[in-house]
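Raw target09.cif, mmCIF, C-alpha atoms:
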data_work
loop_
_atom_site.label_atom_id
_atom_site.label_comp_id
_atom_site.auth_asym_id
_atom_site.auth_seq_id
_atom_site.Cartn_x
_atom_site.Cartn_y
_atom_site.Cartn_z
CA MET R 1 -33.31 -6.98 168.95
CA ALA R 2 -33.41 -9.96 171.29
CA GLU R 3 -31.63 -13.07 170.09
CA LYS R 4 -33.93 -15.49 168.29
CA LEU R 5 -34.93 -18.72 170.00
CA LYS R 6 -33.38 -21.76 168.37
CA VAL R 7 -35.69 -24.57 167.28
CA ALA R 8 -34.84 -28.03 165.93
CA THR R 9 -37.35 -30.49 164.46
CA CYS R 10 -37.24 -34.01 163.08
CA SER R 11 -39.42 -36.92 162.04
CA LEU R 12 -38.62 -40.40 163.35
CA ALA R 13 -41.12 -43.21 162.65
CA GLY R 14 -43.68 -40.77 161.32
CA CYS R 15 -45.09 -39.70 157.97
CA PHE R 16 -43.99 -36.02 157.98
CA GLY R 17 -47.69 -35.12 158.31
CA CYS R 18 -46.94 -33.12 161.45
CA HIS R 19 -44.29 -31.13 159.57
CA MET R 20 -46.83 -30.54 156.80
CA SER R 21 -49.21 -29.24 159.44
CA LEU R 22 -46.46 -26.94 160.76
CA LEU R 23 -46.12 -25.51 157.24
CA ASP R 24 -49.89 -25.26 157.19
CA ILE R 25 -49.74 -22.33 159.65
CA ASP R 26 -49.26 -20.45 156.34
CA GLU R 27 -48.39 -16.75 156.60
CA ARG R 28 -48.03 -17.11 160.36
CA LEU R 29 -44.70 -18.79 159.50
CA LEU R 30 -43.32 -15.31 158.77
CA GLU R 31 -44.43 -14.15 162.20
CA LEU R 32 -42.82 -17.26 163.73
CA LEU R 33 -39.55 -16.61 161.88
CA GLU R 34 -39.36 -13.15 163.51
CA VAL R 35 -38.80 -14.87 166.86
CA VAL R 36 -37.28 -18.26 166.07
CA GLN R 37 -34.41 -19.59 164.04
CA PHE R 38 -34.43 -23.17 162.77
CA ASP R 39 -31.50 -25.43 163.53
CA ARG R 40 -31.69 -29.07 162.34
CA SER R 41 -34.99 -29.60 160.54
CA PRO R 42 -36.26 -31.23 157.34
CA ILE R 43 -37.22 -27.67 156.37
CA ASN R 44 -33.54 -26.70 155.92
CA ASP R 45 -32.14 -30.23 155.52
CA LEU R 46 -29.49 -29.87 158.28
CA LYS R 47 -28.61 -33.40 159.42
CA HIS R 48 -27.43 -32.71 162.97
CA ILE R 49 -28.15 -30.17 165.66
CA SER R 50 -25.23 -27.71 165.44
CA GLN R 51 -25.52 -26.21 168.94
CA PRO R 52 -27.72 -26.50 172.05
CA VAL R 53 -31.21 -25.25 171.15
CA ASP R 54 -34.18 -23.95 173.12
CA LEU R 55 -36.91 -26.11 171.64
CA GLY R 56 -37.02 -29.51 169.95
CA LEU R 57 -40.11 -30.77 168.15
CA ILE R 58 -40.19 -34.48 167.37
CA GLU R 59 -42.77 -36.21 165.23
CA GLY R 60 -43.00 -39.99 164.99
CA GLY R 61 -42.29 -42.84 167.36
CA VAL R 62 -39.17 -44.95 167.68
CA CYS R 63 -38.90 -47.96 165.36
CA ASN R 64 -35.15 -48.48 164.79
CA ALA R 65 -31.72 -47.98 166.31
CA GLU R 66 -31.12 -44.71 164.44
CA ASN R 67 -34.37 -43.28 165.86
CA VAL R 68 -33.10 -44.01 169.38
CA HIS R 69 -29.80 -42.29 168.59
CA THR R 70 -31.47 -39.21 167.09
CA LEU R 71 -33.95 -38.97 169.96
CA ARG R 72 -31.13 -39.07 172.52
CA GLU R 73 -29.22 -36.40 170.56
CA PHE R 74 -32.32 -34.19 170.63
CA ARG R 75 -32.79 -34.75 174.35
CA SER R 76 -29.19 -33.79 175.10
CA MET R 77 -29.33 -30.69 172.87
CA CYS R 78 -32.85 -29.34 173.52
CA LYS R 79 -33.87 -27.39 176.61
CA ILE R 80 -37.53 -28.24 175.97
CA LEU R 81 -38.47 -31.38 174.07
CA VAL R 82 -41.95 -31.82 172.62
CA ALA R 83 -43.60 -34.99 171.29
CA VAL R 84 -45.71 -33.87 168.33
CA GLY R 85 -48.54 -36.03 166.98
CA GLU R 86 -50.00 -39.45 167.75
CA CYS R 87 -46.94 -41.49 166.69
CA GLY R 88 -44.61 -39.60 169.01
CA ILE R 89 -47.10 -39.76 171.87
CA THR R 90 -48.52 -43.31 171.53
CA GLY R 91 -46.46 -45.02 168.82
CA GLY R 92 -49.38 -44.43 166.47
CA ILE R 93 -49.93 -46.24 163.19
CA PRO R 94 -46.36 -47.67 162.95
CA SER R 95 -46.89 -49.35 166.35
CA MET R 96 -49.71 -51.42 164.85
CA ARG R 97 -46.93 -53.79 163.86
CA ASN R 98 -46.50 -54.57 167.57
CA SER R 99 -49.35 -57.07 167.18
CA PHE R 100 -46.96 -59.19 165.08
CA THR R 101 -43.41 -60.40 165.51
CA LEU R 102 -40.71 -58.52 163.60
CA LYS R 103 -40.06 -61.66 161.56
CA GLU R 104 -43.70 -61.89 160.53
CA CYS R 105 -43.59 -58.23 159.38
CA LEU R 106 -40.36 -58.66 157.40
CA ASP R 107 -41.55 -61.92 155.83
CA GLU R 108 -44.80 -60.28 154.80
CA SER R 109 -42.96 -57.38 153.12
CA TYR R 110 -39.87 -59.02 151.63
CA ILE R 111 -40.49 -62.76 151.34
CA ARG R 112 -44.19 -63.53 150.84
CA GLY R 113 -45.40 -60.06 149.76
CA MET R 114 -47.32 -59.65 146.54
CA GLY R 115 -45.06 -59.10 143.52
CA VAL R 116 -41.81 -59.75 145.44
CA GLU R 117 -38.91 -60.84 143.24
CA PHE R 118 -35.50 -62.07 144.51
CA ALA R 119 -37.08 -62.47 147.94
CA HIS R 120 -34.64 -61.65 150.72
CA ILE R 121 -34.71 -59.47 153.82
CA PRO R 122 -32.52 -56.37 153.22
CA ASP R 123 -29.37 -56.60 155.34
CA ASP R 124 -27.15 -53.76 154.12
CA PRO R 125 -25.13 -52.49 157.10
CA GLU R 126 -26.27 -48.93 156.31
CA ILE R 127 -29.89 -49.82 157.04
CA PRO R 128 -30.64 -49.13 160.72
CA LEU R 129 -31.65 -52.22 162.69
CA LEU R 130 -35.35 -52.41 163.46
CA LEU R 131 -36.48 -52.62 167.08
CA ASN R 132 -38.69 -55.53 168.13
CA ARG R 133 -41.47 -53.08 168.94
CA VAL R 134 -42.29 -49.53 167.93
CA ARG R 135 -42.34 -47.29 170.98
CA PRO R 136 -43.60 -43.81 171.82
CA LEU R 137 -40.95 -41.18 172.64
CA HIS R 138 -41.65 -41.07 176.39
CA HIS R 139 -40.55 -44.72 176.71
CA ILE R 140 -36.98 -43.67 175.83
CA VAL R 141 -36.36 -40.11 177.07
CA LYS R 142 -38.04 -37.46 179.21
CA ILE R 143 -40.58 -35.49 177.18
CA ASP R 144 -41.55 -32.04 178.45
CA HIS R 145 -44.73 -31.41 176.46
CA PHE R 146 -47.14 -33.36 174.26
CA LEU R 147 -48.99 -31.92 171.27
CA PRO R 148 -51.60 -34.47 170.15
CA GLY R 149 -53.32 -34.88 166.79
CA CYS R 150 -52.88 -36.85 163.60
CA PRO R 151 -51.61 -34.41 162.66
CA PRO R 152 -52.16 -31.62 165.20
CA SER R 153 -54.05 -28.91 163.31
CA ALA R 154 -52.20 -25.78 162.21
CA ASP R 155 -54.23 -23.87 164.82
CA ALA R 156 -53.21 -26.32 167.56
CA ILE R 157 -49.54 -25.99 166.55
CA TRP R 158 -49.80 -22.19 166.43
CA TYR R 159 -51.55 -22.02 169.81
CA PHE R 160 -48.97 -24.35 171.35
CA LEU R 161 -45.95 -22.50 169.94
CA THR R 162 -47.17 -18.99 170.75
CA GLU R 163 -48.07 -19.93 174.33
CA LEU R 164 -44.78 -21.75 174.85
CA LEU R 165 -42.68 -18.96 173.30
CA ALA R 166 -44.52 -16.44 175.51
CA GLY R 167 -43.41 -18.49 178.52
CA ARG R 168 -46.91 -19.70 179.36
CA ASP R 169 -48.32 -23.22 179.93
CA PRO R 170 -48.96 -24.51 176.40
CA SER R 171 -51.72 -26.97 177.41
CA LEU R 172 -54.31 -27.00 174.62
CA PRO R 173 -57.86 -25.80 175.22
CA ARG R 174 -60.40 -28.64 174.96
CA GLU R 175 -61.55 -27.77 171.45
CA LEU R 176 -58.01 -28.09 170.01
CA ILE R 177 -57.34 -31.55 171.49
CA ARG R 178 -57.81 -34.26 168.82
CA TYR R 179 -56.27 -37.69 168.37
CA ASP R 180 -57.33 -38.17 164.75
CA MET L 181 -91.22 -31.58 197.87
CA SER L 182 -88.02 -33.24 196.75
CA GLN L 183 -84.96 -33.31 198.97
CA THR L 184 -81.61 -31.79 198.01
CA PHE L 185 -77.88 -32.38 198.31
CA PHE L 186 -74.92 -30.18 197.36
CA LEU L 187 -72.70 -30.79 194.34
CA ASP L 188 -69.63 -28.55 194.47
CA GLY L 189 -71.77 -26.21 196.57
CA GLN L 190 -74.70 -26.19 194.11
CA GLU L 191 -78.04 -27.39 195.48
CA ILE L 192 -79.29 -30.42 193.53
CA PRO L 193 -82.83 -31.82 194.03
CA PHE L 194 -83.32 -35.59 194.03
CA GLU L 195 -86.05 -38.20 194.29
CA GLU L 196 -85.84 -41.17 196.64
CA GLY L 197 -83.84 -43.96 194.93
CA GLN L 198 -81.84 -41.72 192.60
CA THR L 199 -78.07 -42.02 192.62
CA VAL L 200 -75.79 -38.97 192.91
CA LEU L 201 -74.96 -39.24 189.18
CA GLN L 202 -78.60 -39.55 188.10
CA ALA L 203 -79.71 -36.58 190.19
CA ALA L 204 -76.77 -34.47 188.98
CA MET L 205 -77.40 -35.31 185.32
CA ALA L 206 -81.14 -34.63 185.74
CA ALA L 207 -80.22 -31.21 187.12
CA GLY L 208 -77.98 -30.53 184.09
CA ARG L 209 -74.66 -31.20 185.84
CA TYR L 210 -72.44 -33.61 183.89
CA ILE L 211 -70.31 -36.08 185.83
CA PRO L 212 -67.80 -37.86 183.52
CA HIS L 213 -68.52 -41.59 183.21
CA LEU L 214 -67.98 -44.51 180.82
CA CYS L 215 -69.62 -47.69 182.16
CA TYR L 216 -72.82 -45.94 183.23
CA ARG L 217 -75.57 -45.77 180.59
CA PRO L 218 -79.03 -44.49 181.44
CA GLN L 219 -80.62 -47.60 179.81
CA LEU L 220 -78.71 -50.02 182.08
CA GLU L 221 -78.32 -50.79 185.75
CA PRO L 222 -75.29 -48.93 187.14
CA HIS L 223 -72.14 -51.05 187.19
CA SER L 224 -69.52 -48.96 188.99
CA SER L 225 -66.53 -50.51 187.22
CA CYS L 226 -64.84 -47.70 185.26
CA ARG L 227 -64.42 -45.35 188.26
CA ILE L 228 -64.48 -42.27 186.03
CA CYS L 229 -67.53 -40.96 187.91
CA THR L 230 -65.71 -41.02 191.26
CA VAL L 231 -66.70 -38.16 193.55
CA ILE L 232 -65.70 -37.30 197.11
CA ILE L 233 -68.37 -37.45 199.82
CA SER L 234 -67.34 -36.61 203.40
CA GLY L 235 -63.69 -37.04 202.45
CA LYS L 236 -64.13 -40.49 200.90
CA PRO L 237 -64.23 -41.53 197.23
CA PHE L 238 -67.45 -43.07 195.90
CA SER L 239 -68.71 -44.06 192.45
CA SER L 240 -71.47 -41.54 191.90
CA CYS L 241 -73.30 -43.93 189.55
CA THR L 242 -74.11 -46.31 192.41
CA GLN L 243 -74.00 -44.01 195.42
CA PRO L 244 -77.55 -43.13 196.52
CA ALA L 245 -78.23 -39.41 196.79
CA MET L 246 -78.81 -38.42 200.38
CA LYS L 247 -80.22 -35.34 202.01
CA GLU L 248 -77.72 -32.52 202.63
CA GLN L 249 -74.81 -34.63 201.34
CA GLN L 250 -71.76 -32.51 200.38
CA VAL L 251 -70.37 -33.91 197.09
CA GLU L 252 -67.10 -32.77 195.49
CA CYS L 253 -66.99 -33.49 191.79
CA ASP L 254 -65.48 -30.93 189.41
CA THR L 255 -62.19 -30.38 191.25
CA ALA L 256 -58.64 -30.33 189.84
CA GLU L 257 -57.72 -33.40 191.95
CA LEU L 258 -60.70 -35.51 190.84
CA ASN L 259 -60.30 -34.54 187.19
CA ALA L 260 -56.60 -35.48 187.38
CA LEU L 261 -57.60 -38.84 188.85
CA ARG L 262 -60.20 -39.38 186.11
CA ARG L 263 -57.62 -38.44 183.48
CA ALA L 264 -55.14 -40.94 184.96
CA VAL L 265 -57.76 -43.72 184.85
CA ILE L 266 -58.47 -42.91 181.18
CA GLN L 267 -54.72 -42.88 180.46
CA MET L 268 -54.48 -46.36 181.98
CA MET L 269 -57.31 -47.54 179.72
CA PHE L 270 -55.41 -46.19 176.72
CA VAL L 271 -52.10 -47.87 177.57
CA GLU L 272 -53.67 -51.18 178.63
CA GLY L 273 -55.33 -51.61 175.24
CA ASN L 274 -54.35 -50.74 171.69
CA HIS L 275 -56.23 -47.56 170.88
CA TYR L 276 -55.12 -46.34 167.46
CA CYS L 277 -57.43 -43.34 167.13
CA PRO L 278 -56.12 -42.23 163.70
CA SER L 279 -57.10 -45.54 162.10
CA CYS L 280 -60.22 -46.36 164.13
CA GLU L 281 -63.58 -46.13 162.37
CA GLU L 282 -65.16 -45.10 165.68
CA SER L 283 -62.96 -41.98 166.04
CA GLY L 284 -65.27 -39.03 166.68
CA SER L 285 -68.06 -41.30 167.97
CA CYS L 286 -65.97 -42.91 170.73
CA ARG L 287 -66.85 -42.15 174.33
CA LEU L 288 -63.39 -43.10 175.59
CA GLN L 289 -61.82 -40.60 173.18
CA ALA L 290 -64.44 -37.93 173.89
CA SER L 291 -63.97 -38.35 177.65
CA ALA L 292 -60.22 -38.00 177.18
CA TYR L 293 -60.80 -34.77 175.24
CA TYR L 294 -63.16 -33.53 177.95
CA LEU L 295 -60.57 -34.23 180.66
CA GLY L 296 -57.77 -32.54 178.69
CA MET L 297 -55.65 -35.67 178.11
CA GLN L 298 -52.67 -34.75 175.94
CA ASP L 299 -50.37 -37.69 176.63
CA SER L 300 -50.48 -41.32 177.75
CA HIS L 301 -48.21 -40.71 180.76
CA PHE L 302 -47.82 -44.46 181.43
CA PRO L 303 -45.81 -46.92 179.31
CA HIS L 304 -47.90 -48.48 176.54
CA GLN L 305 -48.30 -52.23 177.01
CA PHE L 306 -49.20 -53.14 173.41
CA PRO L 307 -51.06 -56.29 174.55
CA LEU L 308 -51.81 -59.08 172.10
CA ARG L 309 -55.57 -59.42 171.93
CA GLN L 310 -57.77 -61.60 169.79
CA ARG L 311 -59.92 -59.92 167.16
CA ASP L 312 -63.10 -61.52 165.88
CA SER L 313 -64.31 -60.77 162.35
CA SER L 314 -66.11 -64.09 161.93
CA HIS L 315 -69.63 -62.66 161.97
CA PRO L 316 -71.06 -61.30 158.70
CA ASP L 317 -72.48 -58.10 160.29
CA VAL L 318 -70.68 -57.47 163.58
CA ASN L 319 -66.97 -56.98 164.22
CA MET L 320 -65.23 -57.30 167.57
CA ASP L 321 -61.82 -55.69 168.03
CA ARG L 322 -60.73 -56.49 171.58
CA ASP L 323 -57.79 -54.05 171.17
CA ARG L 324 -60.35 -51.33 171.82
CA CYS L 325 -62.14 -53.00 174.75
CA ILE L 326 -62.08 -51.23 178.12
CA ARG L 327 -63.95 -54.07 179.86
CA CYS L 328 -66.80 -51.85 181.02
CA GLU L 329 -69.16 -54.82 180.50
CA THR L 330 -71.70 -52.61 178.75
CA CYS L 331 -72.17 -55.32 176.08
CA VAL L 332 -72.55 -58.02 178.74
CA ARG L 333 -75.30 -56.06 180.52
CA ALA L 334 -77.02 -54.80 177.36
CA SER L 335 -77.12 -58.25 175.76
CA ARG L 336 -78.54 -59.79 178.92
CA ASP L 337 -80.90 -57.04 180.10
CA LEU L 338 -81.96 -55.23 176.91
CA ASP L 339 -81.53 -57.74 174.08
CA GLY L 340 -82.48 -60.76 176.21
CA LYS L 341 -79.74 -62.81 174.55
CA ASN L 342 -76.77 -63.25 176.88
CA VAL L 343 -74.22 -63.21 174.05
CA PHE L 344 -71.32 -61.71 176.01
CA GLY L 345 -69.54 -62.58 179.20
CA ILE L 346 -66.24 -61.78 180.84
CA LEU L 347 -63.40 -64.29 181.27
CA GLY L 348 -60.38 -64.07 183.52
CA ARG L 349 -59.41 -61.45 186.07
CA GLY L 350 -57.77 -58.02 186.10
CA LEU L 351 -55.45 -57.29 183.20
CA ASN L 352 -56.07 -60.75 181.76
CA SER L 353 -59.84 -60.41 181.67
CA LYS L 354 -61.47 -60.37 178.26
CA ILE L 355 -64.89 -60.36 176.67
CA SER L 356 -66.05 -63.89 175.84
CA VAL L 357 -68.75 -64.89 173.38
CA ASN L 358 -71.53 -67.35 174.09
CA SER L 359 -71.30 -69.67 171.06
CA PRO L 360 -69.96 -73.19 170.50
CA SER L 361 -66.77 -71.89 168.83
CA GLY L 362 -66.36 -68.87 171.12
CA LEU L 363 -66.59 -66.69 168.01
CA LEU L 364 -69.29 -64.20 167.09
CA GLU L 365 -70.26 -66.38 164.14
CA GLY L 366 -72.75 -68.88 165.50
CA SER L 367 -73.75 -66.63 168.42
CA ASP L 368 -77.14 -64.89 168.69
CA VAL L 369 -75.65 -61.42 168.13
CA ALA L 370 -77.23 -59.16 165.48
CA ALA L 371 -76.19 -55.78 164.08
CA THR L 372 -79.33 -54.26 165.62
CA ASP L 373 -78.47 -55.37 169.18
CA MET L 374 -78.22 -52.73 171.89
CA ALA L 375 -75.04 -54.52 173.01
CA VAL L 376 -73.41 -53.37 169.77
CA ALA L 377 -75.00 -49.90 169.75
CA LEU L 378 -74.02 -49.10 173.34
CA CYS L 379 -70.33 -50.18 173.15
CA PRO L 380 -68.62 -46.94 174.21
CA THR L 381 -65.52 -47.58 172.07
CA GLY L 382 -64.89 -49.18 168.67
CA CYS L 383 -64.70 -52.71 170.11
CA LEU L 384 -68.12 -53.80 168.86
CA THR L 385 -69.00 -52.24 165.51
CA VAL L 386 -71.42 -52.92 162.69
CA LYS L 387 -69.68 -53.92 159.48
CA GLY L 388 -70.09 -51.94 156.27
CA VAL L 389 -71.11 -48.60 157.81
CA GLY L 390 -67.88 -47.53 159.52
CA PHE L 391 -67.31 -44.45 157.38
CA LYS L 392 -70.93 -43.63 156.48
CA VAL L 393 -70.52 -40.45 158.53
CA PRO L 394 -67.17 -38.87 157.55
CA ILE L 395 -64.56 -38.07 160.20
CA GLY L 396 -65.03 -34.46 161.25
CA LEU L 397 -68.85 -34.66 161.11
CA ARG L 398 -69.34 -37.21 163.87
CA ILE L 399 -71.20 -36.67 167.09
CA PHE L 400 -68.23 -35.65 169.26
CA ASP L 401 -66.78 -33.59 166.39
CA GLN L 402 -69.87 -31.45 166.72
CA ALA L 403 -70.38 -31.26 170.47
CA PRO L 404 -68.30 -32.23 173.52
CA ILE L 405 -69.33 -35.30 175.50
CA ASP L 406 -70.88 -33.36 178.40
CA VAL L 407 -73.40 -31.74 176.04
CA VAL L 408 -74.15 -35.04 174.26
CA GLU L 409 -74.52 -37.11 177.44
CA LEU L 410 -76.79 -34.56 179.13
CA LEU L 411 -79.00 -34.49 176.03
CA GLU L 412 -79.14 -38.30 175.87
CA PHE L 413 -79.92 -38.47 179.59
CA THR L 414 -82.83 -36.04 179.23
CA LYS L 415 -84.19 -38.00 176.23
CA GLN L 416 -83.95 -41.29 178.13
CA GLU L 417 -85.70 -39.77 181.15
CA ALA L 418 -88.50 -38.53 178.89
CA VAL L 419 -89.00 -42.03 177.46
CA HIS L 420 -88.68 -44.11 180.63
CA GLY L 421 -89.07 -41.57 183.45
#
Starting from the file, give its structure as C-alpha cells.
Amino acid sequence: MAEKLKVATCSLAGCFGCHMSLLDIDERLLELLEVVQFDRSPINDLKHISQPVDLGLIEGGVCNAENVHTLREFRSMCKILVAVGECGITGGIPSMRNSFTLKECLDESYIRGMGVEFAHIPDDPEIPLLLNRVRPLHHIVKIDHFLPGCPPSADAIWYFLTELLAGRDPSLPRELIRYD
Amino acid sequence: MSQTFFLDGQEIPFEEGQTVLQAAMAAGRYIPHLCYRPQLEPHSSCRICTVIISGKPFSSCTQPAMKEQQVECDTAELNALRRAVIQMMFVEGNHYCPSCEESGSCRLQASAYYLGMQDSHFPHQFPLRQRDSSHPDVNMDRDRCIRCETCVRASRDLDGKNVFGILGRGLNSKISVNSPSGLLEGSDVAATDMAVALCPTGCLTVKGVGFKVPIGLRIFDQAPIDVVELLEFTKQEAVHG
C-alpha cells in the first residue's frame, strides 16, 4: 500500500467552523483516512507539526504574534498550504476590528464593557500580543490554494480535497463557491 | 432587416443605437457588468463589461454595436481581467460577506461567484469609511460601496431627487449626500427610492427588512447572476422597449 499523505490543520483567528465543516463530510471521513494521515490538528490535539507534511489546511486570519509564528511554521513544514474559509482568505469577521484602533477594542472589552469588574487590560506574558490589525494569511506567507466559504460546505471541502489528492486543479466549480 | 455583429463568433442582431452589451443581452448572451443597469444611462465606470474589438479594449455598455464588428467577450484572458477588477473592488472596500445582510442578493458577490473568484489576490486595504445610520428607514454603509454611481444616477434620473453625489477622486472618492448635515437624515431619500433598490451591493439598504428573506433562499442563492440579469433585461425591454 502506498504511503499515506500527511495532512496538518489548525485554526488561527477563526471560530473552528471550518473544522466543523471538515467533520461534516461525515462517513466520507473514513474514505479520506484511507489515503491521508493527520499530523498536527485540533482533531488529534498535537501541538506542533512533527515532520514535513504534504498538505496544510489553515482556517482563520492572523490577529496576534502567535498566529504569525504558527503560520510561518506551517509554511515551512507544508508542501501545499491552503487558506480555508473567509477569515483565512480576507481576514473575515475578526478583521472587522480593523475599523477601530486596538486601544479602542481593548477598552471596550476590558475597561468600559458592560459588567466589567476590576477593569484592567490583561497583560500576562503568556498571552500572545495582539497585532494592530487582523490580516488574511496571504499578507504574511505564500498561500497555494484558497477554499472560500463561511464555512466552506462539506461538499466544497470534499471536492477540493479529492481533486487535490488526485493531483488535479482543485478550483471549485461555480456552484460550490460561496462567501457566506 | 436588422444588422448583425459577431460576439465570440456568434452572429448577434442589433438595432441602430444599441450598444454591444444591450444587443448581446437582448440576444440572450450575458456580458458581466456592475455599473450598467437597463433602467439607467450607461456609465462605463466599473469596466467589468470590457470586451475586445479589433484588438482594443472597450466598455461594451457604451460601445455602439456596429455592422460586422468582431467582438471577443467570453475568453479566459477577459474573464481573468474581470476577476482582477472585482478582486480590487473587494480589497479596496470592506466586504464582510458572512455578516452582510445583502449576502445572496449582492451583485458584486454574485459576479465574483460567476467569475470563479476564490481569493482576494491583492493585499486588503481595510480603509476607514464613514457609515451613516442617521435616517430612520435607509442605511448607508460606505464599507460596501464600489463607487459605481448607480445611486447618483438613479436618484437624479429616476427618482428626480438628486440625493447622492460623488466627492473626491480615485481611491479617496466617496458617495456624498445632498443635505445640510451631509447625512441621510434631512435628505430627500426614501426607502422606496430606486437609488436604494438599485444599489448593487449592501451599501444602501432599507432598515428593518435585512433578513426578511433568509440566507440560502435569496435571489443569487437560487440562480446565478447571468440567468437573473438576462431575465431582468428581458422584463425591462418588455416594459420600456
Q. Once the PyMOL selection byres ((chain L) within 10 of (chain R)) has been applied to the shown file, what residues remain in the selection, as a ChimeraX atom specification?
A. /L:270-271,274-280,283-284,289-290,292-310,323,395-396,401,403-404
Q) Between L:Glu248, L:Asp373, L:Asp312, L:Glu196, which one has atoms that come closest to Val343 (chain L), using all atoms listed in the file? A)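 Checking each candidate against Val343 (chain L), we get L:Asp373 as the closest.
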(Q) What would the selection look like, as a PyMOL selection string, if the PyMOL selection byres ((chain L and resi 344) around 12) were run on the coordinates I just shared? (A) chain L and resi 320+327-337+339-343+345-347+354-359+362-364+367-369+373+375-376+379+384
Would you mind exporting C-alpha atoms of the selected residues as a compact mmCIF listing (two decimals), keeping the file's coordinate frame?
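The file below, part31.txt, is the result:
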# COMPACT_ATOMS: atom_id res chain seq x y z
CA MET L 320 -65.23 -57.30 167.57
CA ARG L 327 -63.95 -54.07 179.86
CA CYS L 328 -66.80 -51.85 181.02
CA GLU L 329 -69.16 -54.82 180.50
CA THR L 330 -71.70 -52.61 178.75
CA CYS L 331 -72.17 -55.32 176.08
CA VAL L 332 -72.55 -58.02 178.74
CA ARG L 333 -75.30 -56.06 180.52
CA ALA L 334 -77.02 -54.80 177.36
CA SER L 335 -77.12 -58.25 175.76
CA ARG L 336 -78.54 -59.79 178.92
CA ASP L 337 -80.90 -57.04 180.10
CA ASP L 339 -81.53 -57.74 174.08
CA GLY L 340 -82.48 -60.76 176.21
CA LYS L 341 -79.74 -62.81 174.55
CA ASN L 342 -76.77 -63.25 176.88
CA VAL L 343 -74.22 -63.21 174.05
CA GLY L 345 -69.54 -62.58 179.20
CA ILE L 346 -66.24 -61.78 180.84
CA LEU L 347 -63.40 -64.29 181.27
CA LYS L 354 -61.47 -60.37 178.26
CA ILE L 355 -64.89 -60.36 176.67
CA SER L 356 -66.05 -63.89 175.84
CA VAL L 357 -68.75 -64.89 173.38
CA ASN L 358 -71.53 -67.35 174.09
CA SER L 359 -71.30 -69.67 171.06
CA GLY L 362 -66.36 -68.87 171.12
CA LEU L 363 -66.59 -66.69 168.01
CA LEU L 364 -69.29 -64.20 167.09
CA SER L 367 -73.75 -66.63 168.42
CA ASP L 368 -77.14 -64.89 168.69
CA VAL L 369 -75.65 -61.42 168.13
CA ASP L 373 -78.47 -55.37 169.18
CA ALA L 375 -75.04 -54.52 173.01
CA VAL L 376 -73.41 -53.37 169.77
CA CYS L 379 -70.33 -50.18 173.15
CA LEU L 384 -68.12 -53.80 168.86
**Q.** All residues 8 Å or closer to Arg287 (chain L), only C-alpha atoms, same chain fewer than 4 positions away omitted, as number ranges by chain
**A.** L: 214, 291, 380-381, 405
Q. With all atoms listed in the file as the atoms that count, which of L:His213, L:Ala256, L:Met205, L:Met246 lies nearest to Ser182 (chain L)?
A.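 With all atoms listed in the file as the atom set, the closest residue is L:Met246.
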(Q) Please list as a VMD selection string every residue within 8 Å of Glu365 (chain L), counting all atoms listed in the file and excluding residues in the same chain fewer than 5 positions away. (A) chain L and resid 314 to 316 359
**Q.** region 36-42 of chain R surroundings by all atoms listed in the file, 10 Å radius, close-in-sequence under 3 positions cut, as a PyMOL selection string
**A.** chain R and resi 3-11+16+19+29-33+45-58+74+165
Q: Enter the distance from CA of Val200 (chain L) to CA of Phe185 (chain L), in Å, rounded to one decimal.
A: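 Computed distance, CA of Val200 (chain L) to CA of Phe185 (chain L), equals 8.8 Å.
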Q) How many Å lie between CA of Gly167 (chain R) and CA of Ile80 (chain R), rounded to one decimal? A) 11.7 Å
Q.
Need the shell around Glu412 (chain L): protein/DNA/RNA residues with any atom at most 9 Å away, counting all atoms listed in the file. Skip same-chain ones fewer than 5 positions apart. Format as a PyMOL selection string?
A. chain L and resi 218+407+417
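For the pair CA of Thr199 (chain L) and CA of Ala245 (chain L), the separation is 4.9 Å.
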**Q.** Minimum-distance residue to Leu411 (chain L), chosen among L:Ala206, L:Cys383, L:Met268, L:Arg398 (using all atoms listed in the file)
**A.**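 Of all the options, L:Ala206 lies closest to Leu411 (chain L).
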Q: Might you spell out which residues the PyMOL selection byres ((chain R and resi 22-25) around 9) would select in the displayed file, as a ChimeraX atom specification?
A: /R:17-21,26-29,152-155,157-158
